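The structure file data.cif is reproduced below (mmCIF, C-alpha atoms).
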data_final
loop_
_atom_site.label_atom_id
_atom_site.label_comp_id
_atom_site.auth_asym_id
_atom_site.auth_seq_id
_atom_site.Cartn_x
_atom_site.Cartn_y
_atom_site.Cartn_z
CA MET A 1330 96.90 88.06 100.77
CA ARG A 1331 96.77 84.43 101.86
CA ARG A 1332 94.98 83.58 98.63
CA ALA A 1333 97.60 85.46 96.64
CA MET A 1334 100.31 83.50 98.43
CA ARG A 1335 98.52 80.28 97.52
CA VAL A 1336 98.37 81.36 93.87
CA ALA A 1337 102.06 82.27 94.01
CA ALA A 1338 102.79 78.87 95.53
CA ARG A 1339 100.81 77.19 92.75
CA ALA A 1340 102.79 79.18 90.20
CA GLY A 1341 106.02 78.13 91.89
CA ARG A 1342 104.98 74.49 91.83
CA LEU A 1343 104.03 74.77 88.20
CA MET A 1344 107.36 76.34 87.30
CA ALA A 1345 109.25 73.78 89.38
CA ALA A 1346 107.44 70.86 87.79
CA ALA A 1347 107.78 72.02 84.19
CA GLY A 1348 110.86 70.49 82.66
CA SER A 1349 112.22 69.25 85.99
CA PRO A 1350 114.86 66.53 85.63
CA GLY A 1351 114.01 62.93 86.33
CA THR A 1352 115.48 60.84 89.13
CA GLY A 1353 116.77 57.33 89.56
CA THR A 1354 119.48 55.27 87.98
CA GLY A 1355 120.01 54.66 84.30
CA PRO A 1356 122.29 55.52 81.43
CA LYS A 1357 124.28 58.68 81.67
CA ARG A 1358 122.22 61.52 80.32
CA PRO A 1359 123.55 63.96 77.75
CA ARG A 1360 124.73 67.33 78.96
CA PRO A 1361 121.79 69.66 79.44
CA GLU A 1362 121.19 72.25 76.77
CA PRO A 1363 121.81 75.87 77.72
CA ALA A 1364 118.94 77.71 79.33
CA PRO A 1365 116.73 79.64 76.93
CA ARG A 1366 117.21 83.38 76.65
CA ILE A 1367 114.64 86.16 76.73
CA GLY A 1368 116.02 89.32 75.17
CA THR A 1369 114.88 92.84 75.94
CA HIS A 1370 116.49 96.28 75.82
CA ASP A 1371 118.92 97.64 78.36
CA GLY A 1372 118.89 101.12 79.86
CA THR A 1373 115.70 102.51 81.38
CA PHE A 1374 113.13 99.76 81.89
CA HIS A 1375 109.37 100.09 81.67
CA CYS A 1376 106.41 98.17 82.98
CA ASP A 1377 105.52 96.55 79.65
CA GLU A 1378 108.75 94.62 79.07
CA VAL A 1379 109.01 93.78 82.77
CA LEU A 1380 105.56 92.18 82.65
CA ALA A 1381 106.32 90.52 79.30
CA CYS A 1382 109.44 88.88 80.71
CA TYR A 1383 107.64 87.82 83.87
CA LEU A 1384 104.75 86.26 81.94
CA LEU A 1385 107.09 84.36 79.64
CA ARG A 1386 108.88 82.82 82.61
CA LEU A 1387 105.56 81.42 83.84
CA LEU A 1388 105.57 79.16 80.78
CA PRO A 1389 107.26 75.76 81.15
CA GLN A 1390 109.50 76.34 78.14
CA TYR A 1391 110.90 79.58 79.61
CA ARG A 1392 110.80 78.89 83.34
CA ASP A 1393 114.60 78.76 83.60
CA ALA A 1394 115.21 81.43 80.98
CA GLU A 1395 117.89 84.07 81.39
CA VAL A 1396 116.74 87.62 80.73
CA LEU A 1397 119.36 89.36 78.60
CA ARG A 1398 119.07 93.14 78.53
CA THR A 1399 120.88 94.52 75.51
CA ARG A 1400 120.41 96.38 72.25
CA ASP A 1401 123.16 94.49 70.45
CA PRO A 1402 121.48 92.93 67.36
CA GLN A 1403 123.93 90.01 67.32
CA LEU A 1404 123.15 89.10 70.92
CA LEU A 1405 119.42 89.53 70.40
CA ALA A 1406 119.57 87.25 67.37
CA GLN A 1407 120.78 84.46 69.67
CA CYS A 1408 117.78 84.81 72.02
CA ASP A 1409 114.88 82.38 71.90
CA VAL A 1410 112.36 85.19 72.34
CA VAL A 1411 112.78 88.97 72.14
CA VAL A 1412 110.40 91.56 73.62
CA ASP A 1413 110.20 95.35 73.32
CA VAL A 1414 113.29 95.73 71.17
CA GLY A 1415 114.51 94.78 67.71
CA GLY A 1416 111.89 96.55 65.60
CA GLU A 1417 110.11 93.35 64.65
CA TYR A 1418 106.81 91.63 65.36
CA ASP A 1419 106.91 88.04 64.17
CA PRO A 1420 105.19 85.55 66.49
CA LYS A 1421 106.47 82.58 64.47
CA ARG A 1422 110.01 83.63 65.41
CA HIS A 1423 108.95 84.90 68.86
CA ARG A 1424 109.78 88.54 68.20
CA TYR A 1425 107.45 90.88 70.07
CA ASP A 1426 108.37 94.54 69.55
CA HIS A 1427 105.82 97.32 69.05
CA HIS A 1428 108.00 100.37 68.38
CA GLN A 1429 108.34 100.01 64.61
CA ARG A 1430 106.41 102.47 62.46
CA SER A 1431 104.45 99.70 60.76
CA PHE A 1432 103.09 98.25 64.01
CA THR A 1433 99.39 99.00 64.67
CA GLU A 1434 98.18 95.79 66.27
CA SER A 1435 95.56 95.68 69.00
CA MET A 1436 93.90 92.80 70.79
CA ARG A 1437 90.97 93.11 68.41
CA SER A 1438 93.12 93.08 65.26
CA LEU A 1439 94.91 89.90 66.39
CA ARG A 1440 91.84 88.29 67.98
CA PRO A 1441 88.68 89.59 66.27
CA ASP A 1442 86.47 88.06 68.99
CA LYS A 1443 87.88 90.60 71.49
CA PRO A 1444 86.65 94.23 71.70
CA TRP A 1445 89.79 96.13 72.77
CA THR A 1446 91.39 98.45 70.23
CA THR A 1447 94.23 99.89 72.33
CA LYS A 1448 97.58 99.52 70.59
CA LEU A 1449 99.51 96.66 72.16
CA SER A 1450 102.85 96.98 73.93
CA SER A 1451 105.22 94.07 74.46
CA ALA A 1452 103.15 93.10 77.52
CA GLY A 1453 99.94 92.96 75.51
CA LEU A 1454 101.61 91.00 72.72
CA VAL A 1455 102.90 88.34 75.08
CA TYR A 1456 99.56 88.21 76.89
CA CYS A 1457 97.68 87.97 73.59
CA HIS A 1458 99.71 84.99 72.42
CA PHE A 1459 100.35 83.19 75.72
CA GLY A 1460 97.86 84.51 78.28
CA SER A 1461 95.38 81.65 78.07
CA GLN A 1462 98.15 79.07 78.38
CA ILE A 1463 99.60 80.88 81.39
CA LEU A 1464 96.25 81.15 83.18
CA ALA A 1465 95.38 77.53 82.45
CA GLY A 1466 98.66 76.40 83.98
CA LEU A 1467 98.34 78.57 87.08
CA LEU A 1468 94.72 77.59 87.75
CA GLY A 1469 94.76 73.99 86.61
CA GLN A 1470 91.87 74.71 84.24
CA PRO A 1471 91.35 73.86 80.55
CA GLU A 1472 92.81 76.54 78.29
CA ASP A 1473 89.56 76.84 76.33
CA GLY A 1474 87.25 76.49 79.35
CA PRO A 1475 84.89 79.19 80.66
CA VAL A 1476 87.01 80.05 83.72
CA VAL A 1477 90.17 80.78 81.73
CA THR A 1478 88.17 82.60 79.04
CA ALA A 1479 86.48 84.90 81.56
CA LEU A 1480 89.67 85.62 83.50
CA TYR A 1481 91.70 86.18 80.32
CA ASP A 1482 89.32 88.97 79.32
CA LYS A 1483 89.07 90.42 82.82
CA LEU A 1484 92.84 90.56 83.33
CA TYR A 1485 93.43 92.19 79.97
CA GLU A 1486 90.75 94.81 80.50
CA ASN A 1487 91.71 95.58 84.09
CA PHE A 1488 95.45 94.96 84.22
CA VAL A 1489 97.30 94.59 80.92
CA GLU A 1490 95.46 97.14 78.76
CA GLU A 1491 96.41 99.99 81.09
CA ILE A 1492 100.07 99.04 80.73
CA ASP A 1493 99.70 98.88 76.94
CA ALA A 1494 98.09 102.32 76.81
CA ILE A 1495 100.59 104.03 79.10
CA ASP A 1496 103.59 102.62 77.26
CA ASN A 1497 102.14 103.75 73.93
CA GLY A 1498 101.32 107.24 75.25
CA ILE A 1499 97.55 106.87 74.94
CA ALA A 1500 95.63 109.18 77.28
CA GLN A 1501 92.81 107.71 79.33
CA ALA A 1502 90.45 110.55 78.35
CA GLU A 1503 90.34 113.70 76.26
CA GLY A 1504 91.37 117.05 77.75
CA GLU A 1505 93.45 118.02 80.74
CA PRO A 1506 93.10 115.73 83.77
CA ARG A 1507 91.72 117.32 86.92
CA TYR A 1508 94.44 115.79 89.08
CA ALA A 1509 97.64 113.80 88.72
CA VAL A 1510 97.68 110.01 89.05
CA THR A 1511 101.22 108.97 90.02
CA THR A 1512 100.74 105.58 91.65
CA THR A 1513 99.90 103.33 88.71
CA LEU A 1514 101.88 100.12 88.36
CA SER A 1515 103.73 101.67 85.41
CA ALA A 1516 104.68 104.69 87.51
CA ARG A 1517 105.93 102.55 90.39
CA VAL A 1518 108.03 100.47 88.03
CA ALA A 1519 109.50 103.66 86.57
CA HIS A 1520 110.56 104.79 90.05
CA LEU A 1521 112.66 101.63 90.44
CA ASN A 1522 115.06 102.82 87.75
CA PRO A 1523 118.31 104.33 89.05
CA ARG A 1524 118.11 108.02 89.85
CA TRP A 1525 119.77 110.36 87.41
CA ASN A 1526 122.36 111.39 90.02
CA ASP A 1527 123.00 107.97 91.57
CA PRO A 1528 126.80 107.66 91.85
CA ARG A 1529 126.65 103.85 91.48
CA PRO A 1530 123.57 103.01 89.42
CA ASP A 1531 122.53 99.36 89.24
CA PRO A 1532 119.74 99.03 86.64
CA GLU A 1533 119.85 95.22 86.76
CA ALA A 1534 118.98 95.22 90.45
CA GLY A 1535 116.16 97.64 89.73
CA PHE A 1536 114.87 95.41 86.94
CA ARG A 1537 114.79 92.45 89.33
CA ARG A 1538 112.85 94.47 91.90
CA ALA A 1539 110.44 95.60 89.18
CA THR A 1540 109.90 91.99 88.12
CA GLU A 1541 109.05 91.00 91.69
CA LEU A 1542 106.63 93.94 91.98
CA VAL A 1543 104.85 93.31 88.69
CA GLY A 1544 104.73 89.56 89.21
CA SER A 1545 103.25 89.77 92.69
CA GLU A 1546 100.57 92.21 91.55
CA PHE A 1547 99.67 90.03 88.57
CA LEU A 1548 99.26 86.96 90.78
CA GLU A 1549 97.30 88.87 93.42
CA ARG A 1550 94.97 90.27 90.79
CA LEU A 1551 94.47 86.84 89.26
CA ASP A 1552 93.72 85.38 92.68
CA TYR A 1553 91.15 88.10 93.43
CA TYR A 1554 89.35 87.71 90.14
CA HIS A 1555 89.37 83.92 90.39
CA GLY A 1556 88.45 83.69 94.06
CA ALA A 1557 86.09 86.67 94.50
CA TRP A 1558 85.08 88.39 91.27
CA LEU A 1559 84.13 85.26 89.32
CA PRO A 1560 81.99 83.73 92.11
CA ALA A 1561 80.26 87.10 92.47
CA ARG A 1562 78.99 86.84 88.90
CA ALA A 1563 77.13 83.61 89.69
CA LEU A 1564 75.61 85.20 92.79
CA VAL A 1565 74.46 88.32 90.92
CA GLU A 1566 73.07 86.27 88.03
CA GLU A 1567 70.98 84.22 90.43
CA ALA A 1568 69.69 87.42 92.04
CA VAL A 1569 68.77 88.85 88.63
CA ARG A 1570 66.76 85.75 87.79
CA LYS A 1571 64.92 85.97 91.14
CA ARG A 1572 64.29 89.71 91.04
CA PHE A 1573 60.51 89.41 90.57
CA GLN A 1574 60.34 87.45 93.83
CA VAL A 1575 61.65 90.57 95.58
CA ASP A 1576 59.36 93.12 93.97
CA ALA A 1577 56.80 92.89 91.18
CA SER A 1578 58.52 95.74 89.33
CA GLY A 1579 61.59 93.60 88.64
CA ALA A 1580 63.67 96.72 89.27
CA VAL A 1581 65.01 95.73 92.71
CA LEU A 1582 67.85 93.27 93.16
CA GLU A 1583 68.45 91.52 96.48
CA LEU A 1584 71.89 90.16 97.34
CA PRO A 1585 72.53 87.82 100.28
CA GLY A 1586 75.37 89.92 101.68
CA GLY A 1587 77.33 93.13 101.37
CA GLY A 1588 80.79 93.41 99.89
CA CYS A 1589 79.95 91.50 96.73
CA PRO A 1590 81.35 93.32 93.64
CA TRP A 1591 78.00 93.54 91.84
CA LYS A 1592 78.10 96.67 89.67
CA GLU A 1593 80.00 95.41 86.65
CA HIS A 1594 78.10 92.13 86.71
CA VAL A 1595 74.79 94.01 86.67
CA PHE A 1596 75.81 96.00 83.58
CA ARG A 1597 77.00 92.92 81.73
CA LEU A 1598 74.08 90.69 82.70
CA GLU A 1599 71.55 93.31 81.64
CA GLN A 1600 73.07 93.09 78.17
CA GLU A 1601 73.65 89.34 78.06
CA LEU A 1602 70.18 88.47 79.38
CA ALA A 1603 68.52 91.26 77.35
CA LEU A 1604 66.55 92.56 80.32
CA PRO A 1605 63.56 94.58 79.08
CA THR A 1606 63.99 97.25 81.77
CA PRO A 1607 67.17 98.23 83.62
CA LEU A 1608 67.69 97.43 87.27
CA GLN A 1609 67.37 100.41 89.59
CA LEU A 1610 68.06 99.53 93.22
CA VAL A 1611 70.00 96.88 95.15
CA LEU A 1612 69.26 95.58 98.65
CA TYR A 1613 71.72 93.72 100.86
CA PRO A 1614 72.43 93.19 104.59
CA ASP A 1615 75.46 94.94 106.04
CA GLY A 1616 77.95 93.70 108.62
CA ALA A 1617 76.01 95.27 111.49
CA GLY A 1618 72.88 93.25 110.85
CA GLN A 1619 71.04 96.13 109.21
CA TRP A 1620 70.02 96.54 105.57
CA ARG A 1621 71.37 98.81 102.87
CA LEU A 1622 69.64 100.19 99.81
CA GLN A 1623 71.80 101.41 96.92
CA SER A 1624 71.07 102.82 93.50
CA VAL A 1625 72.62 101.20 90.45
CA PRO A 1626 75.12 103.67 88.93
CA ALA A 1627 74.17 105.29 85.63
CA GLY A 1628 77.31 103.89 84.02
CA PRO A 1629 80.57 102.07 84.69
CA HIS A 1630 82.67 105.18 85.36
CA THR A 1631 80.25 107.63 86.94
CA PHE A 1632 79.08 108.50 90.43
CA GLN A 1633 75.68 109.49 89.03
CA SER A 1634 72.83 107.18 90.01
CA ARG A 1635 70.11 105.73 87.83
CA LEU A 1636 67.55 106.36 90.54
CA PRO A 1637 68.83 108.28 93.57
CA LEU A 1638 66.73 108.17 96.70
CA PRO A 1639 64.26 111.07 96.91
CA GLU A 1640 65.72 114.51 97.54
CA PRO A 1641 63.67 115.24 100.72
CA TRP A 1642 65.23 112.15 102.35
CA ARG A 1643 68.84 113.03 101.65
CA GLY A 1644 71.12 113.84 104.56
CA LEU A 1645 68.56 112.79 107.19
CA ARG A 1646 69.03 110.09 109.83
CA ASP A 1647 67.04 107.94 112.25
CA GLU A 1648 63.66 109.19 113.50
CA PRO A 1649 63.54 112.41 111.41
CA LEU A 1650 64.17 110.29 108.33
CA SER A 1651 61.48 107.77 109.28
CA LEU A 1652 59.00 110.61 109.73
CA VAL A 1653 59.74 112.01 106.26
CA THR A 1654 59.70 108.63 104.49
CA GLY A 1655 56.82 107.14 106.41
CA VAL A 1656 58.93 103.98 106.85
CA PRO A 1657 59.86 102.79 110.37
CA GLY A 1658 63.44 101.90 111.24
CA CYS A 1659 65.26 104.22 108.86
CA VAL A 1660 68.95 104.70 109.64
CA PHE A 1661 70.24 107.20 107.05
CA VAL A 1662 70.18 108.42 103.48
CA HIS A 1663 73.40 109.74 101.97
CA ALA A 1664 73.46 113.43 101.02
CA SER A 1665 73.79 112.50 97.34
CA GLY A 1666 70.96 109.97 97.54
CA PHE A 1667 72.98 107.08 96.16
CA THR A 1668 72.49 104.89 99.24
CA GLY A 1669 70.53 104.59 102.45
CA GLY A 1670 69.86 102.15 105.28
CA ASN A 1671 67.16 100.62 107.40
CA ARG A 1672 67.21 98.35 110.43
CA THR A 1673 65.23 95.62 108.65
CA ARG A 1674 64.92 94.05 105.23
CA GLU A 1675 61.24 94.96 105.12
CA GLY A 1676 62.05 98.59 105.86
CA ALA A 1677 64.75 98.82 103.22
CA LEU A 1678 62.47 97.17 100.65
CA GLU A 1679 59.69 99.61 101.49
CA MET A 1680 62.12 102.52 100.99
CA ALA A 1681 62.92 101.06 97.57
CA ARG A 1682 59.25 100.71 96.68
CA ARG A 1683 58.46 104.29 97.70
CA THR A 1684 61.42 105.53 95.67
CA LEU A 1685 60.07 103.69 92.62
CA ALA A 1686 56.57 105.03 93.27
CA LEU A 1687 57.82 108.61 93.40
CA ARG A 1688 59.58 108.11 90.09
CA ASP A 1689 56.55 106.54 88.45
CA GLY A 1690 54.22 109.15 89.93
CA GLY A 1691 56.30 112.10 88.74
CA GLY A 1692 57.70 112.89 92.15
CA ARG A 1693 61.00 114.59 92.89
CA ALA A 1694 63.15 111.50 92.49
CA GLU A 1695 65.40 111.86 89.45
CA TRP A 1696 65.37 109.29 86.65
CA VAL A 1697 68.59 108.69 84.75
CA THR A 1698 68.45 106.65 81.56
CA PRO A 1699 71.38 104.20 81.56
CA PRO A 1700 73.84 104.55 78.66
CA PRO A 1701 74.62 101.64 76.32
CA HIS A 1702 77.02 99.17 77.91
CA GLN A 1703 80.66 99.81 77.15
CA SER A 1704 83.46 97.26 77.45
CA ALA A 1705 84.84 98.63 80.66
CA SER A 1706 84.71 97.87 84.33
CA PRO A 1707 83.42 100.07 87.18
CA GLN A 1708 86.16 102.04 88.91
CA LYS A 1709 84.72 101.67 92.39
CA GLY A 1710 85.56 98.59 94.39
CA PRO A 1711 88.80 96.62 94.59
CA TRP A 1712 90.59 96.32 91.22
CA GLY A 1713 87.74 97.52 89.09
CA GLY A 1714 85.32 94.96 90.54
#

Please express what this file holds, its structure, as C-alpha cells.
Amino acid sequence: MRRAMRVAARAGRLMAAAGSPGTGTGPKRPRPEPAPRIGTHDGTFHCDEVLACYLLRLLPQYRDAEVLRTRDPQLLAQCDVVVDVGGEYDPKRHRYDHHQRSFTESMRSLRPDKPWTTKLSSAGLVYCHFGSQILAGLLGQPEDGPVVTALYDKLYENFVEEIDAIDNGIAQAEGEPRYAVTTTLSARVAHLNPRWNDPRPDPEAGFRRATELVGSEFLERLDYYHGAWLPARALVEEAVRKRFQVDASGAVLELPGGGCPWKEHVFRLEQELALPTPLQLVLYPDGAGQWRLQSVPAGPHTFQSRLPLPEPWRGLRDEPLSLVTGVPGCVFVHASGFTGGNRTREGALEMARRTLALRDGGGRAEWVTPPPHQSASPQKGPWGG
C-alpha cells in the first residue's frame, strides 16, 4: 500500500506539473483558455468509461479536463474527446465509442504486434492509444523502453482486457460457470450506481466514487507489477540459466526466497529461451527457515501439476514421511502432491531428485505433458502474478 501511495503521489506530481502556470513578474498574460472537456454518456455508468475518463486525465493535456456526462449530440460535439458514446471511432478526432455495429476492433487489429483479440471497449481504446504515454509519465521511463513495453502488455492482459470483455458481454469460458463471481472491478463499479428505488439518486456522486475506485486500483496494480512482478522476472531468468548447477537434469529450479511470483515467468521464459525440456520442480526457502518443493503447474489456469510428488508420500508428515521417502528431515507433502517441505535445502533437493527418478523409472509419479504456452497469466498469486 505504501508503494501504491508513492505511485499515486508520483501521478499527482505529474498531473500538477503538466501545464502548470508560470510564476514571476512580466507582461499581463492572456485569459486562460477554458478547460478541455471529456464527454461520455449520462445515466448508468460502467467500468469501461470510468477507466477511460480516469486514464485520459492522467495525460498532461487533459489533467484539468471536465467530464461531461450527456447524450446530447450538440454538447458532445463541443468536447475535446468523447468516450463510450456517439457511435463513432475516429482517433484523429478523439472519438472512442465501441457500440456501433461496424466496430470490431481489438488490440491485435489496431496493434498487430499484440496477441489479444478481445473486442475493445472505451477503456481498451483509450489504453491502446495512450497507455504507453501514461505509463511513461507515471514511471519516468522512456515510452518505447523495455519497462514501459512490458508493463503495457501486463496491465492490458491482467487489468484492462477483463473490463473490455465484460463490457462487451464476452464470457470468460464456454458453458455454465460453476459458481458466481460478483466482486470484479466492473461489478463493484456497477454497485456504485444509484439504487432503483433511491428517492434522491445522485449518479454524478456515484461516478466520482467509481473514478476514485478504478483509479486507485489501476495505480496499485501498476505499482505491484513495476515493483514486484517485473523484478521477479529477472530473478527467475537468472535461476533458469543456473538450473544445471542445481541438478544435472536441468528440471529443477532454485529460487533464493519464497513469495516470488514465478509461475508465469517460468511459462514465458521456457518459450522465449526455447528450453529443450520443460521445468518440473521449484525449490525455495520459506519464512520459517525450512525449504519447500513445488511442482510447476501444467498450465497457466490449472491446479494440475506437471510432476506431482509421488502418491505414497502424499498426506504424510514428519518422521512417517521421512521413512517412506528415505530422506531425512521431511516436514510434509500436500495431499494433492503439488508441494512438500523439508528442514534443509539438501533434503528438499533429494526429494526432488527421487521424484524425478520415480518418473524416469516408471514409478507411480504422474507425468503431465505441458500444453503450448498461451498468452495468459496464472490465476494464483496476487493479481495474476

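A straight line drawn from atom CA of Pro1605 of chain A to atom CA of Tyr1554 of chain A is 28.9 Å long.
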
Could you check the closest approach to Arg1672 of chain A for each of A:Pro1607, A:Gly1655, A:Pro1614, A:Pro1506 and tell me which residue wins, using only C-alpha atoms?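 Of A:Pro1607, A:Gly1655, A:Pro1614, A:Pro1506, the one nearest Arg1672 of chain A, counting only C-alpha atoms, is A:Pro1614.
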
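The closest residue to Asp1496 of chain A, picked from A:Leu1638, A:Ala1509, A:Ile1463, A:Cys1376 and counting only C-alpha atoms, is A:Cys1376.
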
Target residues per the PyMOL selection byres ((chain A and resi 1599) around 12), formatted as a CSV table (one decimal) with C-alpha atoms, keeping the file's coordinate frame:
chain,number,residue,atom,x,y,z
A,1565,VAL,CA,74.5,88.3,90.9
A,1566,GLU,CA,73.1,86.3,88.0
A,1569,VAL,CA,68.8,88.8,88.6
A,1570,ARG,CA,66.8,85.8,87.8
A,1580,ALA,CA,63.7,96.7,89.3
A,1592,LYS,CA,78.1,96.7,89.7
A,1593,GLU,CA,80.0,95.4,86.6
A,1594,HIS,CA,78.1,92.1,86.7
A,1595,VAL,CA,74.8,94.0,86.7
A,1596,PHE,CA,75.8,96.0,83.6
A,1597,ARG,CA,77.0,92.9,81.7
A,1598,LEU,CA,74.1,90.7,82.7
A,1600,GLN,CA,73.1,93.1,78.2
A,1601,GLU,CA,73.6,89.3,78.1
A,1602,LEU,CA,70.2,88.5,79.4
A,1603,ALA,CA,68.5,91.3,77.4
A,1604,LEU,CA,66.6,92.6,80.3
A,1605,PRO,CA,63.6,94.6,79.1
A,1606,THR,CA,64.0,97.2,81.8
A,1607,PRO,CA,67.2,98.2,83.6
A,1608,LEU,CA,67.7,97.4,87.3
A,1609,GLN,CA,67.4,100.4,89.6
A,1625,VAL,CA,72.6,101.2,90.4
A,1699,PRO,CA,71.4,104.2,81.6
A,1700,PRO,CA,73.8,104.6,78.7
A,1701,PRO,CA,74.6,101.6,76.3
A,1702,HIS,CA,77.0,99.2,77.9

Distance in Å - atom CA of Gln1429 of chain A versus atom CA of Gly1416 of chain A: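 One can read the atom CA of Gln1429 of chain A to atom CA of Gly1416 of chain A distance as 5.1 Å.
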
Would you pick out the contacts of Val1477 of chain A at 9 Å or less, using all atoms listed in the file, so that residues sharing its chain but fewer than 6 positions from it are not included, and give the list as a PyMOL selection string? chain A and resi 1461-1462+1464-1465+1468+1470-1471

Segment 1656-1661 of chain A: which residues within 9 Å, counting only C-alpha atoms, same-chain residues fewer than 2 positions away excluded, as a list in words?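 The contact residues come out as Gln1619, Trp1642, Arg1643, Gly1644, Leu1645, Arg1646, Asp1647, Glu1648, Pro1649, Leu1650, Ser1651, Leu1652, Val1653, Thr1654, His1663, Thr1668, Gly1669, Gly1670, Asn1671, Arg1672, Thr1673, Gly1676, Ala1677, Glu1679 and Met1680 of chain A.
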